[in-house]
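Next comes final05.cif, a file with mmCIF, C-alpha atoms.
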```cif
data_input
#
loop_
_atom_site.label_atom_id
_atom_site.label_comp_id
_atom_site.auth_asym_id
_atom_site.auth_seq_id
_atom_site.Cartn_x
_atom_site.Cartn_y
_atom_site.Cartn_z
CA MET A 1291 27.47 -127.07 -18.78
CA PRO A 1292 25.41 -124.02 -19.74
CA LEU A 1293 27.09 -121.45 -21.98
CA SER A 1294 27.25 -118.98 -19.09
CA SER A 1295 29.90 -121.22 -17.51
CA LEU A 1296 32.25 -120.16 -20.32
CA ASN A 1297 32.76 -116.94 -18.36
CA ASN A 1298 34.96 -118.97 -16.02
CA ILE A 1299 37.70 -119.17 -18.66
CA ASP A 1300 39.59 -116.40 -20.45
CA LEU A 1301 37.59 -116.00 -23.65
CA SER A 1302 39.82 -113.17 -24.84
CA ASP A 1303 42.28 -115.86 -25.99
CA ILE A 1304 39.85 -117.24 -28.61
CA ARG A 1305 41.09 -116.38 -32.09
CA LEU A 1306 39.26 -118.90 -34.27
CA ILE A 1307 35.80 -120.47 -34.25
CA ALA A 1308 35.54 -123.74 -36.19
CA SER A 1309 31.83 -124.05 -36.83
CA ASP A 1310 29.45 -126.52 -38.37
CA VAL A 1311 26.93 -124.99 -40.81
CA ASP A 1312 23.56 -126.79 -41.04
CA GLY A 1313 21.70 -126.58 -37.76
CA THR A 1314 24.43 -124.39 -36.26
CA LEU A 1315 24.74 -121.35 -38.52
CA THR A 1316 21.32 -121.84 -40.13
CA GLN A 1317 17.90 -121.20 -38.63
CA ASN A 1318 15.15 -123.47 -39.97
CA GLY A 1319 17.44 -124.45 -42.83
CA LYS A 1320 18.31 -120.91 -43.97
CA PHE A 1321 20.77 -118.15 -43.11
CA SER A 1322 19.07 -115.43 -41.08
CA SER A 1323 19.31 -111.67 -41.59
CA ASP A 1324 21.78 -111.43 -38.68
CA PHE A 1325 24.13 -114.11 -39.97
CA ILE A 1326 26.56 -112.05 -42.06
CA SER A 1327 26.56 -109.13 -39.61
CA THR A 1328 27.57 -111.53 -36.84
CA LEU A 1329 30.44 -112.89 -38.95
CA LEU A 1330 31.57 -109.32 -39.67
CA ASP A 1331 31.42 -108.39 -35.98
CA LEU A 1332 33.59 -111.39 -35.10
CA GLN A 1333 36.01 -110.54 -37.89
CA SER A 1334 36.30 -106.95 -36.62
CA ALA A 1335 37.06 -108.29 -33.15
CA GLY A 1336 39.94 -110.39 -34.52
CA ILE A 1337 38.07 -113.69 -34.24
CA LYS A 1338 38.31 -115.79 -37.40
CA VAL A 1339 35.52 -118.14 -38.48
CA LEU A 1340 36.28 -121.39 -40.27
CA LEU A 1341 33.39 -123.45 -41.61
CA VAL A 1342 33.58 -127.20 -40.89
CA THR A 1343 30.67 -128.89 -42.62
CA GLY A 1344 29.43 -132.13 -44.06
CA ARG A 1345 28.14 -130.32 -47.13
CA SER A 1346 29.68 -130.92 -50.55
CA ALA A 1347 32.74 -129.12 -51.89
CA GLY A 1348 30.57 -127.86 -54.77
CA TRP A 1349 28.02 -126.14 -52.57
CA VAL A 1350 30.50 -124.78 -50.05
CA SER A 1351 32.89 -123.28 -52.62
CA ALA A 1352 30.26 -120.59 -53.19
CA LEU A 1353 29.98 -119.85 -49.46
CA VAL A 1354 33.74 -119.45 -49.12
CA ASN A 1355 33.77 -117.04 -52.05
CA TYR A 1356 31.02 -114.77 -50.69
CA LEU A 1357 31.13 -114.98 -46.88
CA PRO A 1358 33.64 -113.25 -44.56
CA VAL A 1359 35.23 -116.54 -43.44
CA GLU A 1360 38.77 -117.94 -43.47
CA GLY A 1361 37.81 -120.98 -45.50
CA ALA A 1362 35.86 -124.20 -45.17
CA ILE A 1363 36.50 -127.84 -44.44
CA THR A 1364 33.89 -129.74 -46.41
CA GLU A 1365 32.57 -133.30 -46.67
CA ASN A 1366 33.33 -134.02 -42.99
CA GLY A 1367 37.07 -133.49 -43.25
CA GLY A 1368 37.54 -134.41 -46.90
CA ILE A 1369 38.54 -131.13 -48.53
CA PHE A 1370 39.76 -127.67 -47.46
CA LEU A 1371 38.59 -124.71 -49.55
CA GLN A 1372 40.16 -121.24 -49.30
CA PRO A 1373 38.70 -117.91 -50.44
CA ASN A 1374 41.46 -117.57 -53.04
CA GLY A 1375 40.17 -120.67 -54.83
CA THR A 1376 42.81 -123.08 -53.54
CA GLN A 1377 41.51 -126.58 -52.79
CA ASP A 1378 43.38 -129.08 -50.59
CA LEU A 1379 42.45 -132.76 -50.50
CA LEU A 1380 42.62 -133.72 -46.82
CA SER A 1381 41.54 -137.35 -47.17
CA SER A 1382 43.90 -139.92 -48.65
CA VAL A 1383 42.20 -140.91 -51.90
CA PRO A 1384 44.70 -142.18 -54.53
CA ASN A 1385 42.20 -142.44 -57.41
CA LEU A 1386 39.20 -140.13 -57.16
CA SER A 1387 37.31 -141.61 -60.14
CA ARG A 1388 37.53 -145.14 -58.77
CA HIS A 1389 36.73 -143.79 -55.30
CA ARG A 1390 33.43 -142.35 -56.52
CA ILE A 1391 32.50 -145.64 -58.19
CA LEU A 1392 33.19 -147.60 -55.01
CA LEU A 1393 31.11 -145.15 -52.97
CA GLU A 1394 28.21 -145.43 -55.40
CA ASN A 1395 28.40 -149.23 -55.36
CA THR A 1396 28.29 -149.18 -51.56
CA PHE A 1397 25.24 -146.94 -51.61
CA HIS A 1398 23.40 -149.23 -54.06
CA HIS A 1399 24.19 -152.26 -51.89
CA ILE A 1400 22.69 -150.50 -48.86
CA LYS A 1401 19.71 -149.35 -50.93
CA GLN A 1402 18.84 -152.97 -51.58
CA LEU A 1403 18.28 -153.30 -47.83
CA PHE A 1404 16.62 -149.88 -47.50
CA PRO A 1405 14.82 -149.21 -50.83
CA ASN A 1406 13.47 -145.81 -49.75
CA LEU A 1407 16.91 -144.17 -49.49
CA HIS A 1408 17.38 -141.06 -51.63
CA PRO A 1409 20.73 -139.47 -52.56
CA SER A 1410 21.02 -135.96 -51.11
CA ALA A 1411 20.53 -132.96 -53.38
CA ASP A 1412 24.20 -131.99 -53.21
CA ASN A 1413 25.56 -135.50 -53.77
CA GLN A 1414 26.49 -134.85 -57.39
CA PHE A 1415 28.85 -132.10 -56.23
CA ARG A 1416 30.82 -134.35 -53.87
CA ILE A 1417 34.35 -135.69 -54.15
CA THR A 1418 35.27 -137.75 -51.08
CA ASP A 1419 31.98 -139.07 -49.65
CA TRP A 1420 28.47 -140.17 -50.67
CA THR A 1421 25.35 -138.88 -48.97
CA PHE A 1422 21.68 -139.73 -48.70
CA ASP A 1423 18.83 -138.07 -46.85
CA VAL A 1424 18.42 -138.93 -43.18
CA ASN A 1425 14.63 -138.33 -43.27
CA ASN A 1426 12.47 -141.20 -41.96
CA LEU A 1427 15.45 -143.27 -40.81
CA SER A 1428 15.22 -144.58 -37.26
CA ALA A 1429 18.20 -144.90 -34.92
CA GLU A 1430 18.06 -148.65 -35.55
CA ASP A 1431 18.13 -148.11 -39.33
CA ILE A 1432 21.18 -145.88 -39.04
CA GLN A 1433 22.94 -148.44 -36.86
CA GLU A 1434 22.26 -151.21 -39.37
CA ILE A 1435 23.49 -149.05 -42.25
CA SER A 1436 26.60 -148.20 -40.24
CA THR A 1437 27.25 -151.91 -39.71
CA GLN A 1438 26.92 -152.55 -43.45
CA CYS A 1439 29.40 -149.74 -44.16
CA ASP A 1440 31.87 -151.23 -41.68
CA LEU A 1441 31.64 -154.59 -43.41
CA MET A 1442 32.51 -152.97 -46.74
CA GLY A 1443 35.43 -150.95 -45.39
CA TRP A 1444 33.71 -147.58 -44.99
CA SER A 1445 32.45 -145.52 -42.08
CA LEU A 1446 29.12 -143.76 -41.63
CA THR A 1447 28.23 -140.56 -39.85
CA TYR A 1448 25.09 -138.46 -39.93
CA SER A 1449 23.73 -135.00 -39.21
CA ASN A 1450 20.28 -133.47 -38.97
CA VAL A 1451 20.04 -133.56 -42.79
CA GLN A 1452 22.25 -136.31 -44.24
CA CYS A 1453 23.97 -139.64 -43.78
CA HIS A 1454 27.54 -139.81 -45.09
CA ILE A 1455 29.38 -142.86 -46.39
CA LYS A 1456 33.06 -141.95 -46.13
CA PRO A 1457 36.63 -143.26 -45.75
CA LEU A 1458 37.35 -144.81 -42.35
CA HIS A 1459 39.65 -142.09 -41.01
CA GLN A 1460 37.90 -139.07 -42.51
CA ASP A 1461 36.22 -136.86 -39.93
CA LYS A 1462 35.91 -133.21 -39.00
CA ALA A 1463 38.48 -133.31 -36.20
CA THR A 1464 41.17 -134.94 -38.32
CA GLY A 1465 40.58 -132.46 -41.14
CA LEU A 1466 40.51 -129.51 -38.74
CA ASP A 1467 43.72 -130.59 -37.04
CA THR A 1468 45.49 -130.78 -40.42
CA VAL A 1469 44.21 -127.38 -41.53
CA LEU A 1470 45.18 -125.72 -38.24
CA LYS A 1471 48.72 -127.09 -38.45
CA ASN A 1472 49.20 -126.19 -42.12
CA HIS A 1473 47.38 -122.85 -42.31
CA PHE A 1474 47.10 -121.49 -38.76
CA PRO A 1475 50.34 -122.63 -37.06
CA GLU A 1476 50.32 -119.54 -34.85
CA LEU A 1477 47.26 -120.80 -32.97
CA ASN A 1478 47.28 -123.21 -30.02
CA SER A 1479 44.39 -125.40 -28.89
CA GLN A 1480 43.27 -122.87 -26.26
CA GLN A 1481 42.70 -120.28 -29.00
CA VAL A 1482 40.35 -122.49 -31.03
CA LEU A 1483 36.67 -123.02 -30.18
CA THR A 1484 34.64 -125.70 -31.96
CA VAL A 1485 30.87 -125.48 -32.45
CA GLY A 1486 28.30 -127.96 -33.73
CA ASP A 1487 24.93 -129.59 -33.31
CA SER A 1488 24.90 -133.26 -34.31
CA PRO A 1489 26.77 -136.59 -34.45
CA ASN A 1490 28.94 -135.64 -37.43
CA ASP A 1491 30.39 -132.89 -35.19
CA GLU A 1492 31.23 -135.38 -32.45
CA ALA A 1493 34.92 -135.64 -33.31
CA MET A 1494 35.27 -131.87 -32.77
CA PHE A 1495 33.90 -132.31 -29.25
CA ASN A 1496 36.75 -134.62 -28.26
CA LEU A 1497 38.27 -132.90 -25.23
CA ALA A 1498 41.68 -134.44 -25.89
CA LYS A 1499 41.86 -132.66 -29.27
CA PHE A 1500 39.83 -129.50 -28.78
CA PRO A 1501 39.51 -128.41 -25.13
CA ILE A 1502 36.89 -125.69 -25.73
CA SER A 1503 33.73 -126.85 -27.51
CA VAL A 1504 30.16 -125.57 -27.66
CA GLY A 1505 26.97 -127.20 -28.87
CA VAL A 1506 23.90 -125.21 -29.87
CA ALA A 1507 20.88 -126.45 -27.91
CA ASN A 1508 19.61 -128.81 -30.62
CA VAL A 1509 22.64 -131.02 -29.92
CA LEU A 1510 20.72 -132.24 -26.87
CA HIS A 1511 18.58 -134.37 -29.24
CA TYR A 1512 21.63 -136.62 -29.71
CA GLN A 1513 22.92 -136.72 -26.14
CA ASP A 1514 22.46 -140.47 -25.79
CA LYS A 1515 23.94 -141.21 -29.24
CA MET A 1516 27.36 -139.57 -28.95
CA LEU A 1517 30.57 -140.66 -27.25
CA HIS A 1518 31.98 -137.11 -27.19
CA PHE A 1519 29.70 -134.26 -26.16
CA PRO A 1520 30.43 -130.50 -26.16
CA GLN A 1521 31.61 -128.96 -22.90
CA TYR A 1522 29.10 -126.14 -23.11
CA VAL A 1523 25.58 -125.89 -24.56
CA THR A 1524 23.73 -122.73 -25.53
CA HIS A 1525 20.23 -121.87 -24.34
CA ALA A 1526 18.88 -121.39 -27.87
CA SER A 1527 18.96 -123.71 -30.87
CA GLU A 1528 20.60 -123.36 -34.27
CA PHE A 1529 21.89 -119.89 -35.29
CA ASP A 1530 20.19 -118.25 -32.30
CA GLY A 1531 22.48 -120.39 -30.14
CA PHE A 1532 25.55 -119.49 -32.21
CA SER A 1533 24.55 -115.83 -31.84
CA GLU A 1534 24.52 -116.30 -28.03
CA LEU A 1535 28.07 -117.57 -28.22
CA ALA A 1536 29.19 -114.80 -30.58
CA GLN A 1537 27.77 -112.08 -28.33
CA LEU A 1538 29.55 -113.59 -25.32
CA LEU A 1539 32.87 -113.64 -27.20
CA LEU A 1540 32.37 -110.10 -28.49
CA LYS A 1541 31.52 -108.85 -25.01
CA ASN A 1542 34.71 -110.34 -23.61
CA SER A 1543 36.68 -108.91 -26.52
CA VAL A 1544 35.41 -105.41 -25.71
CA LEU A 1545 36.17 -105.85 -22.00
CA ASP A 1546 39.69 -107.04 -22.83
CA ASP A 1547 40.30 -104.03 -25.09
CA SER A 1548 39.15 -101.62 -22.41
CA MET A 1549 41.53 -102.95 -19.77
#
```
Represent the structure contained in this file as structure tokens.
Amino acid sequence: MPLSSLNNIDLSDIRLIASDVDGTLTQNGKFSSDFISTLLDLQSAGIKVLLVTGRSAGWVSALVNYLPVEGAITENGGIFLQPNGTQDLLSSVPNLSRHRILLENTFHHIKQLFPNLHPSADNQFRITDWTFDVNNLSAEDIQEISTQCDLMGWSLTYSNVQCHIKPLHQDKATGLDTVLKNHFPELNSQQVLTVGDSPNDEAMFNLAKFPISVGVANVLHYQDKMLHFPQYVTHASEFDGFSELAQLLLKNSVLDDSM
């Protein structure tokens, strides 16, 4: 449904936005001049923002330190980072050193089948998953790589920038559910809104787990490739779409305060 349909529910209950980063909070791969001011406006209205991204713990630790956010779930549900420097491992990995070796071996096996694969720029800063660039991979290529991962006991997801080899039960929804229970127990599911733009956000669009979800318009590129799709879709793409959502929430917040 279009984002305007969100007016049919009580948006004044929303207290936390769990948002993807790349392609959702970025515009053409960068943060825009309005990005931080929008986060500050939401914060002033009592609406928390939690980043939920596929990016590495290394890269995102800087964002958590500098941005007005509550924290970040990184590596598609692998790790939770807080502004105070605390780091929680969300994925069950008994031996991280061995885990990294197994991930790298899996990547090199797949690279034998797809020689042009390149590890992503942030891969060296990762803990729980292994990534490579999604550029020039067809839908058929991604499906074949996913099959290879399944055979070796891993799962694969992808976004508009990366493919992720990861543990079977590691995803954004599982990580978000754990963080909400442990760090935001005062919130119920009707007070949390999830936002994203691509297949690695799909788990956060599961209606059974998160009843209010929004996709920025570029999510429509993946409409035929996802089992779970957001309930609402913005008119604009990327951060412009997130800004649409933010303005709608802020408008309802002001109306609620005036009543």
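Among A:Phe1519, A:Phe1415, A:Tyr1448, A:Tyr1512, the residue with the shortest atom-to-atom distance to Thr1484 (chain A), counting only C-alpha atoms, is A:Phe1519.
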Going by the chain IDs and residue numbers used in this file, which residues fall under the PyMOL selection byres ((chain A and resi 1353) around 12)? Write them as a PyMOL selection string.
chain A and resi 1311+1321+1326+1340-1343+1345-1352+1354-1364+1371-1373+1375
Answer as a ChimeraX atom specification, residues within 8 Å of (24.6, -130.1, -34.7) using all atoms listed in the file:
/A:1310,1312-1314,1449-1450,1486-1491,1505-1506,1508-1509,1528
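Taking only C-alpha atoms into account, Gly1344 (chain A) lies nearest to A:Thr1447 out of the set A:Gln1481, A:Ser1543, A:Ser1294, A:Thr1447.
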Chain and number of each residue from the PyMOL selection byres ((chain A and resi 1503) around 8), as a PyMOL selection string:
chain A and resi 1483-1485+1494-1495+1497+1500-1502+1504-1505+1520-1522
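A straight line drawn from CA of Ile1307 (chain A) to CA of Asn1425 (chain A) is 29.1 Å long.
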Could you give me, as a ChimeraX atom specification, the residues within 12 Å of Arg1388 (chain A), counting only C-alpha atoms and dropping anything in the same chain fewer than 5 positions from it?
/A:1383,1393-1395,1417-1418
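Between Gln1333 (chain A) and the residues A:Met1291, A:Leu1296, A:Ser1410, A:Leu1306, the shortest atom-to-atom distance, using all atoms listed in the file, involves A:Leu1306.
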